[in-house]
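What follows is a single structure, written as structure tokens, with notes after it.
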Amino acid sequence: MSSNRRAALLGLLALFVQPCNAVARPAAAITVFAATSLTDSLKAVADAYKARTGVTVTLSFGASSTLARQIDQGAQADIFMSADTDWMDFLQKGGHIAEGSRKDLLNNQLVLIAASDSKAAPRIAPHFDLAGVLGDRRLALADPASVPAGKYAKAALTNLGVWDSVASRLAPAENVRVALEYVARGEAPFGVVYATDAKIAPSVRVVGVFPASSHPPITYPVALMKGASAPARDFLTFLSGSDARAIFEKAGFTLR
């Protein structure tokens, strides 16, 4: 091959190679595992963060118990947000949390809900007759054996002297949003969920707020996982900032 022909071919090849090299790499992504009750607010926070930084936040929602077990079994997450301290403690004891990154971020309330057209409205008080208004139907709540919302519900009803009368009439759900749906669809006349969940469902109404003294504080801790991506620490800081605060407060959470 002549030197002129070789030069022409190399020049042609450069035309194809150069644009490929000029394509910008996508911004690094952050993976967050978070309690189901954070679904709407955290999606809004992630959108706000991407608008500011260009970094995509991938969100995986579920019961805190399920997500914590997945991380313990090797699932890759940069940040974990739990609906209680127990499952964060579980991961910390397992050596999954980056040292010094854990903090309590949010608080919530526990409420009793009914369908919006329901006429029954028991007043929450010691020994209130929840079993009586349930009749032969069931009380919707997250699984009290493991899911934080269900554990809070069991604690509240136990402290009020009501648990034993309704324990055999439960419709346990895999997470708090499923419990909300049971009531919204008329599959259960009453349910126990977080106040923030009740706000997103127009087909249910809050008929009572459980006293804060009747259950452990509903606290949402957040932490970096070991081996988290470099941008994850910045997003962790963003979660406590003014933009995220406004979103969480609008959803009904209180910040620590």
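We name chains A, B, ... following the order of the structure tokens; residues begin at 1 in each chain, and ligands are numbered from 1 as shown.
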Can you check which residues of region 43-239 of chain A DSSP gives as strand (DSSP E) on the backbone and send them as a count of residues only? 45
Need to verify the contact set: region 34-43 of chain A, 9 Å, only C-alpha atoms, exclusion of same-chain residues closer than 3 positions in sequence. Can you return it as an MDAnalysis selection string? chainID A and resid 46:48 57 59:65 67 79:83 175:177 194 196:197 200 220 222 244 247:248 250:251
Written file, previous selection with N, CA and C atoms, as an mmCIF file, in the first residue's frame:
data_model
loop_
_atom_site.group_PDB
_atom_site.id
_atom_site.type_symbol
_atom_site.label_atom_id
_atom_site.label_comp_id
_atom_site.auth_asym_id
_atom_site.auth_seq_id
_atom_site.Cartn_x
_atom_site.Cartn_y
_atom_site.Cartn_z
ATOM 1 N N ALA A 46 -34.996 13.059 44.902
ATOM 2 C CA ALA A 46 -34.051 12.572 43.888
ATOM 3 C C ALA A 46 -34.133 13.406 42.616
ATOM 4 N N ASP A 47 -35.349 13.788 42.229
ATOM 5 C CA ASP A 47 -35.516 14.633 41.041
ATOM 6 C C ASP A 47 -34.860 16.000 41.255
ATOM 7 N N ALA A 48 -35.036 16.552 42.445
ATOM 8 C CA ALA A 48 -34.440 17.853 42.755
ATOM 9 C C ALA A 48 -32.920 17.767 42.729
ATOM 10 N N VAL A 57 -30.278 9.323 40.785
ATOM 11 C CA VAL A 57 -30.451 8.550 42.013
ATOM 12 C C VAL A 57 -31.429 7.420 41.717
ATOM 13 N N LEU A 59 -33.701 4.497 42.951
ATOM 14 C CA LEU A 59 -34.403 4.232 44.199
ATOM 15 C C LEU A 59 -35.019 2.839 44.198
ATOM 16 N N SER A 60 -34.845 2.128 45.295
ATOM 17 C CA SER A 60 -35.454 0.808 45.475
ATOM 18 C C SER A 60 -36.230 0.839 46.786
ATOM 19 N N PHE A 61 -37.549 0.670 46.709
ATOM 20 C CA PHE A 61 -38.405 0.779 47.882
ATOM 21 C C PHE A 61 -38.938 -0.582 48.317
ATOM 22 N N GLY A 62 -39.132 -0.729 49.614
ATOM 23 C CA GLY A 62 -39.686 -1.954 50.163
ATOM 24 C C GLY A 62 -39.769 -1.838 51.669
ATOM 25 N N ALA A 63 -40.230 -2.886 52.307
ATOM 26 C CA ALA A 63 -40.209 -2.919 53.765
ATOM 27 C C ALA A 63 -38.761 -2.827 54.233
ATOM 28 N N SER A 64 -38.525 -2.071 55.298
ATOM 29 C CA SER A 64 -37.155 -1.912 55.802
ATOM 30 C C SER A 64 -36.521 -3.262 56.100
ATOM 31 N N SER A 65 -37.326 -4.172 56.615
ATOM 32 C CA SER A 65 -36.824 -5.508 56.944
ATOM 33 C C SER A 65 -36.327 -6.230 55.700
ATOM 34 N N LEU A 67 -35.371 -4.906 52.766
ATOM 35 C CA LEU A 67 -34.213 -4.236 52.182
ATOM 36 C C LEU A 67 -32.948 -4.499 52.990
ATOM 37 N N ILE A 79 -26.828 3.884 49.861
ATOM 38 C CA ILE A 79 -27.476 4.504 51.020
ATOM 39 C C ILE A 79 -28.675 3.655 51.417
ATOM 40 N N PHE A 80 -28.894 3.531 52.715
ATOM 41 C CA PHE A 80 -30.076 2.846 53.231
ATOM 42 C C PHE A 80 -30.839 3.813 54.123
ATOM 43 N N MET A 81 -32.158 3.899 53.899
ATOM 44 C CA MET A 81 -33.047 4.705 54.741
ATOM 45 C C MET A 81 -34.110 3.775 55.307
ATOM 46 N N SER A 82 -34.114 3.616 56.599
ATOM 47 C CA SER A 82 -35.019 2.693 57.275
ATOM 48 C C SER A 82 -36.144 3.451 57.958
ATOM 49 N N ALA A 83 -37.265 2.755 58.175
ATOM 50 C CA ALA A 83 -38.376 3.350 58.909
ATOM 51 C C ALA A 83 -38.288 3.077 60.403
ATOM 52 N N ASN A 175 -45.896 -4.497 53.377
ATOM 53 C CA ASN A 175 -45.380 -3.177 53.743
ATOM 54 C C ASN A 175 -46.548 -2.242 54.002
ATOM 55 N N VAL A 176 -46.257 -1.039 54.452
ATOM 56 C CA VAL A 176 -47.319 -0.135 54.894
ATOM 57 C C VAL A 176 -48.190 0.351 53.737
ATOM 58 N N ARG A 177 -47.623 0.472 52.533
ATOM 59 C CA ARG A 177 -48.431 0.922 51.399
ATOM 60 C C ARG A 177 -49.452 -0.127 50.981
ATOM 61 N N TYR A 194 -48.811 5.100 58.601
ATOM 62 C CA TYR A 194 -48.197 6.373 58.946
ATOM 63 C C TYR A 194 -49.069 7.527 58.447
ATOM 64 N N THR A 196 -48.111 10.123 56.919
ATOM 65 C CA THR A 196 -47.688 10.523 55.572
ATOM 66 C C THR A 196 -48.308 9.648 54.492
ATOM 67 N N ASP A 197 -48.550 8.378 54.794
ATOM 68 C CA ASP A 197 -49.199 7.491 53.827
ATOM 69 C C ASP A 197 -50.668 7.867 53.651
ATOM 70 N N ILE A 200 -51.641 10.579 51.030
ATOM 71 C CA ILE A 200 -51.564 10.383 49.574
ATOM 72 C C ILE A 200 -52.768 9.638 49.019
ATOM 73 N N TYR A 220 -36.630 7.676 61.278
ATOM 74 C CA TYR A 220 -36.047 7.211 60.021
ATOM 75 C C TYR A 220 -34.552 7.519 60.015
ATOM 76 N N VAL A 222 -30.703 7.168 58.413
ATOM 77 C CA VAL A 222 -30.108 7.029 57.087
ATOM 78 C C VAL A 222 -28.607 6.851 57.263
ATOM 79 N N ALA A 244 -34.494 19.429 50.273
ATOM 80 C CA ALA A 244 -35.089 18.165 50.717
ATOM 81 C C ALA A 244 -36.012 18.398 51.906
ATOM 82 N N ILE A 247 -39.462 19.371 50.855
ATOM 83 C CA ILE A 247 -40.213 18.251 50.275
ATOM 84 C C ILE A 247 -40.718 17.322 51.368
ATOM 85 N N PHE A 248 -39.854 16.966 52.314
ATOM 86 C CA PHE A 248 -40.251 16.062 53.391
ATOM 87 C C PHE A 248 -41.351 16.690 54.266
ATOM 88 N N LYS A 250 -43.550 18.961 53.416
ATOM 89 C CA LYS A 250 -44.801 19.000 52.654
ATOM 90 C C LYS A 250 -45.494 17.644 52.676
ATOM 91 N N ALA A 251 -44.717 16.567 52.709
ATOM 92 C CA ALA A 251 -45.273 15.208 52.748
ATOM 93 C C ALA A 251 -45.804 14.847 54.122
#
Taking only region 10-156 of chain A into account, list the residues labelled alpha helix (DSSP H) by DSSP (computed from the backbone), as a count of residues only. 60
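Here CA of Ala188 (chain A) and CA of Pro202 (chain A) stand 15.9 Å from one another.
Relative to CA of Gly135 (chain A), CA of Pro148 (chain A) is found at 26.2 Å.
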One residue among A:Ser146, A:Thr237, A:Gln109, A:Thr254 is nearest to Gly208 (chain A) when using only C-alpha atoms, and that residue is A:Gln109
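One finds CA of Ala179 (chain A) at 15.5 Å from CA of Ala167 (chain A).
Of the residues listed (A:Ser165, A:Ala201, A:Val133, A:Pro231), A:Pro231 shows the shortest atom-to-atom separation from Gly54 (chain A); distances use only C-alpha atoms.
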Could you pull the residues within 10 Å of Ile124 (chain A), counting only C-alpha atoms, minus those fewer than 5 positions along the same chain, as a list of chain:residue names?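 Result of the neighbour search: A:Val111, A:Leu112, A:Asp129, A:Leu130, A:Leu157, A:Leu160, A:Val207, A:Gly208, A:Val209, A:Phe210, A:Pro211.
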For those residues, write all heavy atoms to a file as a PDB file, in the first residue's frame.
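Written output follows (selection04.pdb):
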ATOM      1  N   VAL A 111     -51.339   6.542  62.554  1.00  0.00           N
ATOM      2  CA  VAL A 111     -52.759   6.913  62.529  1.00  0.00           C
ATOM      3  C   VAL A 111     -53.635   5.703  62.236  1.00  0.00           C
ATOM      4  O   VAL A 111     -53.194   4.711  61.644  1.00  0.00           O
ATOM      5  CB  VAL A 111     -53.041   8.017  61.483  1.00  0.00           C
ATOM      6  CG1 VAL A 111     -52.273   9.287  61.825  1.00  0.00           C
ATOM      7  CG2 VAL A 111     -52.714   7.544  60.071  1.00  0.00           C
ATOM      8  N   LEU A 112     -54.889   5.827  62.638  1.00  0.00           N
ATOM      9  CA  LEU A 112     -55.922   4.854  62.295  1.00  0.00           C
ATOM     10  C   LEU A 112     -56.713   5.427  61.132  1.00  0.00           C
ATOM     11  O   LEU A 112     -57.168   6.575  61.186  1.00  0.00           O
ATOM     12  CB  LEU A 112     -56.844   4.608  63.491  1.00  0.00           C
ATOM     13  CG  LEU A 112     -57.958   3.573  63.304  1.00  0.00           C
ATOM     14  CD1 LEU A 112     -57.380   2.167  63.163  1.00  0.00           C
ATOM     15  CD2 LEU A 112     -58.936   3.624  64.500  1.00  0.00           C
ATOM     16  N   ASP A 129     -62.933   0.290  71.687  1.00  0.00           N
ATOM     17  CA  ASP A 129     -63.544  -0.920  71.137  1.00  0.00           C
ATOM     18  C   ASP A 129     -63.275  -1.052  69.646  1.00  0.00           C
ATOM     19  O   ASP A 129     -64.190  -0.982  68.817  1.00  0.00           O
ATOM     20  CB  ASP A 129     -65.050  -0.909  71.422  1.00  0.00           C
ATOM     21  CG  ASP A 129     -65.703  -2.255  71.073  1.00  0.00           C
ATOM     22  OD1 ASP A 129     -64.966  -3.262  70.990  1.00  0.00           O
ATOM     23  OD2 ASP A 129     -66.940  -2.280  70.898  1.00  0.00           O
ATOM     24  N   LEU A 130     -62.031  -1.285  69.275  1.00  0.00           N
ATOM     25  CA  LEU A 130     -61.688  -1.472  67.871  1.00  0.00           C
ATOM     26  C   LEU A 130     -62.263  -2.788  67.358  1.00  0.00           C
ATOM     27  O   LEU A 130     -62.760  -2.864  66.232  1.00  0.00           O
ATOM     28  CB  LEU A 130     -60.164  -1.445  67.707  1.00  0.00           C
ATOM     29  CG  LEU A 130     -59.622  -1.603  66.289  1.00  0.00           C
ATOM     30  CD1 LEU A 130     -60.199  -0.562  65.345  1.00  0.00           C
ATOM     31  CD2 LEU A 130     -58.094  -1.520  66.309  1.00  0.00           C
ATOM     32  N   LEU A 157     -51.209  -0.577  70.000  1.00  0.00           N
ATOM     33  CA  LEU A 157     -52.434  -1.274  70.381  1.00  0.00           C
ATOM     34  C   LEU A 157     -52.235  -2.081  71.662  1.00  0.00           C
ATOM     35  O   LEU A 157     -53.166  -2.216  72.473  1.00  0.00           O
ATOM     36  CB  LEU A 157     -52.890  -2.189  69.240  1.00  0.00           C
ATOM     37  CG  LEU A 157     -53.359  -1.454  67.967  1.00  0.00           C
ATOM     38  CD1 LEU A 157     -53.564  -2.439  66.829  1.00  0.00           C
ATOM     39  CD2 LEU A 157     -54.637  -0.672  68.244  1.00  0.00           C
ATOM     40  N   LEU A 160     -52.339   0.327  74.601  1.00  0.00           N
ATOM     41  CA  LEU A 160     -53.696   0.825  74.825  1.00  0.00           C
ATOM     42  C   LEU A 160     -54.642  -0.290  75.280  1.00  0.00           C
ATOM     43  O   LEU A 160     -55.839  -0.046  75.488  1.00  0.00           O
ATOM     44  CB  LEU A 160     -54.240   1.471  73.542  1.00  0.00           C
ATOM     45  CG  LEU A 160     -53.550   2.779  73.127  1.00  0.00           C
ATOM     46  CD1 LEU A 160     -53.973   3.181  71.717  1.00  0.00           C
ATOM     47  CD2 LEU A 160     -53.874   3.904  74.120  1.00  0.00           C
ATOM     48  N   VAL A 207     -59.066   8.665  61.116  1.00  0.00           N
ATOM     49  CA  VAL A 207     -60.095   8.728  62.154  1.00  0.00           C
ATOM     50  C   VAL A 207     -59.490   8.867  63.546  1.00  0.00           C
ATOM     51  O   VAL A 207     -60.222   9.040  64.521  1.00  0.00           O
ATOM     52  CB  VAL A 207     -61.027   7.498  62.098  1.00  0.00           C
ATOM     53  CG1 VAL A 207     -61.775   7.474  60.772  1.00  0.00           C
ATOM     54  CG2 VAL A 207     -60.251   6.201  62.289  1.00  0.00           C
ATOM     55  N   GLY A 208     -58.162   8.801  63.624  1.00  0.00           N
ATOM     56  CA  GLY A 208     -57.521   8.988  64.918  1.00  0.00           C
ATOM     57  C   GLY A 208     -56.008   8.939  64.798  1.00  0.00           C
ATOM     58  O   GLY A 208     -55.466   8.298  63.897  1.00  0.00           O
ATOM     59  N   VAL A 209     -55.349   9.647  65.703  1.00  0.00           N
ATOM     60  CA  VAL A 209     -53.881   9.649  65.769  1.00  0.00           C
ATOM     61  C   VAL A 209     -53.473   8.960  67.065  1.00  0.00           C
ATOM     62  O   VAL A 209     -53.967   9.313  68.151  1.00  0.00           O
ATOM     63  CB  VAL A 209     -53.330  11.086  65.738  1.00  0.00           C
ATOM     64  CG1 VAL A 209     -51.794  11.070  65.840  1.00  0.00           C
ATOM     65  CG2 VAL A 209     -53.770  11.808  64.461  1.00  0.00           C
ATOM     66  N   PHE A 210     -52.602   7.989  66.965  1.00  0.00           N
ATOM     67  CA  PHE A 210     -52.158   7.281  68.161  1.00  0.00           C
ATOM     68  C   PHE A 210     -51.233   8.180  68.979  1.00  0.00           C
ATOM     69  O   PHE A 210     -50.366   8.861  68.409  1.00  0.00           O
ATOM     70  CB  PHE A 210     -51.429   5.988  67.788  1.00  0.00           C
ATOM     71  CG  PHE A 210     -52.341   4.900  67.290  1.00  0.00           C
ATOM     72  CD1 PHE A 210     -52.606   4.768  65.936  1.00  0.00           C
ATOM     73  CD2 PHE A 210     -52.943   4.028  68.188  1.00  0.00           C
ATOM     74  CE1 PHE A 210     -53.464   3.773  65.472  1.00  0.00           C
ATOM     75  CE2 PHE A 210     -53.798   3.028  67.739  1.00  0.00           C
ATOM     76  CZ  PHE A 210     -54.060   2.904  66.380  1.00  0.00           C
ATOM     77  N   PRO A 211     -51.412   8.215  70.293  1.00  0.00           N
ATOM     78  CA  PRO A 211     -50.523   9.031  71.126  1.00  0.00           C
ATOM     79  C   PRO A 211     -49.064   8.615  70.925  1.00  0.00           C
ATOM     80  O   PRO A 211     -48.751   7.426  70.822  1.00  0.00           O
ATOM     81  CB  PRO A 211     -50.990   8.714  72.547  1.00  0.00           C
ATOM     82  CG  PRO A 211     -52.380   8.177  72.403  1.00  0.00           C
ATOM     83  CD  PRO A 211     -52.424   7.481  71.079  1.00  0.00           C
TER      84      PRO A 211
END
Considering only C-alpha atoms, state which residue in the set A:Asp72, A:Asp243, A:Glu249, A:Glu99 is at the smallest distance from Tyr49 (chain A). A:Asp243
With only C-alpha atoms as the basis for distance, which of A:Val166, A:Met225, A:Leu180, A:Ile97 is at the shortest distance from Asp78 (chain A)?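 Closest to Asp78 (chain A), using only C-alpha atoms: A:Met225.
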Nearby residues (only C-alpha atoms) at most 10 Å from Val55 (chain A), same-chain spacing under 3 positions excluded, as a JSON list (two decimals) with C-alpha atoms, in the first residue's frame:
[["chain", "number", "residue", "atom", "x", "y", "z"],
["A", 26, "PRO", "CA", -22.96, 9.75, 31.89],
["A", 27, "ALA", "CA", -22.90, 11.08, 35.45],
["A", 28, "ALA", "CA", -22.37, 8.48, 38.14],
["A", 29, "ALA", "CA", -25.52, 7.00, 39.64],
["A", 30, "ILE", "CA", -26.40, 6.57, 43.30],
["A", 46, "ALA", "CA", -34.05, 12.57, 43.89],
["A", 47, "ASP", "CA", -35.52, 14.63, 41.04],
["A", 49, "TYR", "CA", -30.94, 16.48, 43.25],
["A", 50, "LYS", "CA", -30.63, 15.43, 39.61],
["A", 51, "ALA", "CA", -31.83, 18.86, 38.45],
["A", 52, "ARG", "CA", -29.08, 20.46, 40.51],
["A", 58, "THR", "CA", -31.79, 5.03, 41.56],
["A", 231, "PRO", "CA", -21.36, 11.01, 44.92],
["A", 232, "ALA", "CA", -23.39, 9.18, 47.58],
["A", 235, "PHE", "CA", -26.54, 13.10, 48.30]]
Of the residues A:Val206, A:Leu91, A:Leu139, A:Ala77, which is the one nearest to Pro221 (chain A), using only C-alpha atoms?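 Of A:Val206, A:Leu91, A:Leu139, A:Ala77, the one nearest Pro221 (chain A), counting only C-alpha atoms, is A:Leu91.
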Would you kindly return, as a list in words, each protein, DNA or RNA residue with an atom no farther than 7 Å from any atom of Ser116 (chain A), considering only C-alpha atoms and excluding same-chain residues fewer than 2 positions away?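 That gives Ala114, Ser118, Ser203, Val204 and Arg205 of chain A.
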Go ahead and write the residues just picked, N, CA, C and O atoms, as a CSV table (one decimal), in the first residue's frame.
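Wrote it out as again_39.csv, contents follow:
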chain,number,residue,atom,x,y,z
A,114,ALA,N,-59.7,4.8,57.9
A,114,ALA,CA,-60.9,4.1,57.4
A,114,ALA,C,-61.2,4.6,56.0
A,114,ALA,O,-60.7,5.6,55.6
A,118,SER,N,-66.7,5.9,55.3
A,118,SER,CA,-67.1,5.1,56.5
A,118,SER,C,-67.7,6.0,57.5
A,118,SER,O,-67.3,7.2,57.7
A,203,SER,N,-59.0,8.2,49.0
A,203,SER,CA,-60.1,7.4,49.3
A,203,SER,C,-60.1,6.9,50.8
A,203,SER,O,-60.9,6.0,51.1
A,204,VAL,N,-59.2,7.3,51.6
A,204,VAL,CA,-59.2,7.0,53.0
A,204,VAL,C,-59.2,8.3,53.8
A,204,VAL,O,-58.8,9.4,53.3
A,205,ARG,N,-59.6,8.2,55.1
A,205,ARG,CA,-59.6,9.3,56.0
A,205,ARG,C,-59.0,8.9,57.3
A,205,ARG,O,-59.1,7.7,57.7
Proximity to Thr85 (chain A) - best of A:Thr66, A:Ser101, A:Thr219, A:Ser229, only C-alpha atoms: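 The shortest atom-to-atom distance to Thr85 (chain A) comes from A:Thr219.
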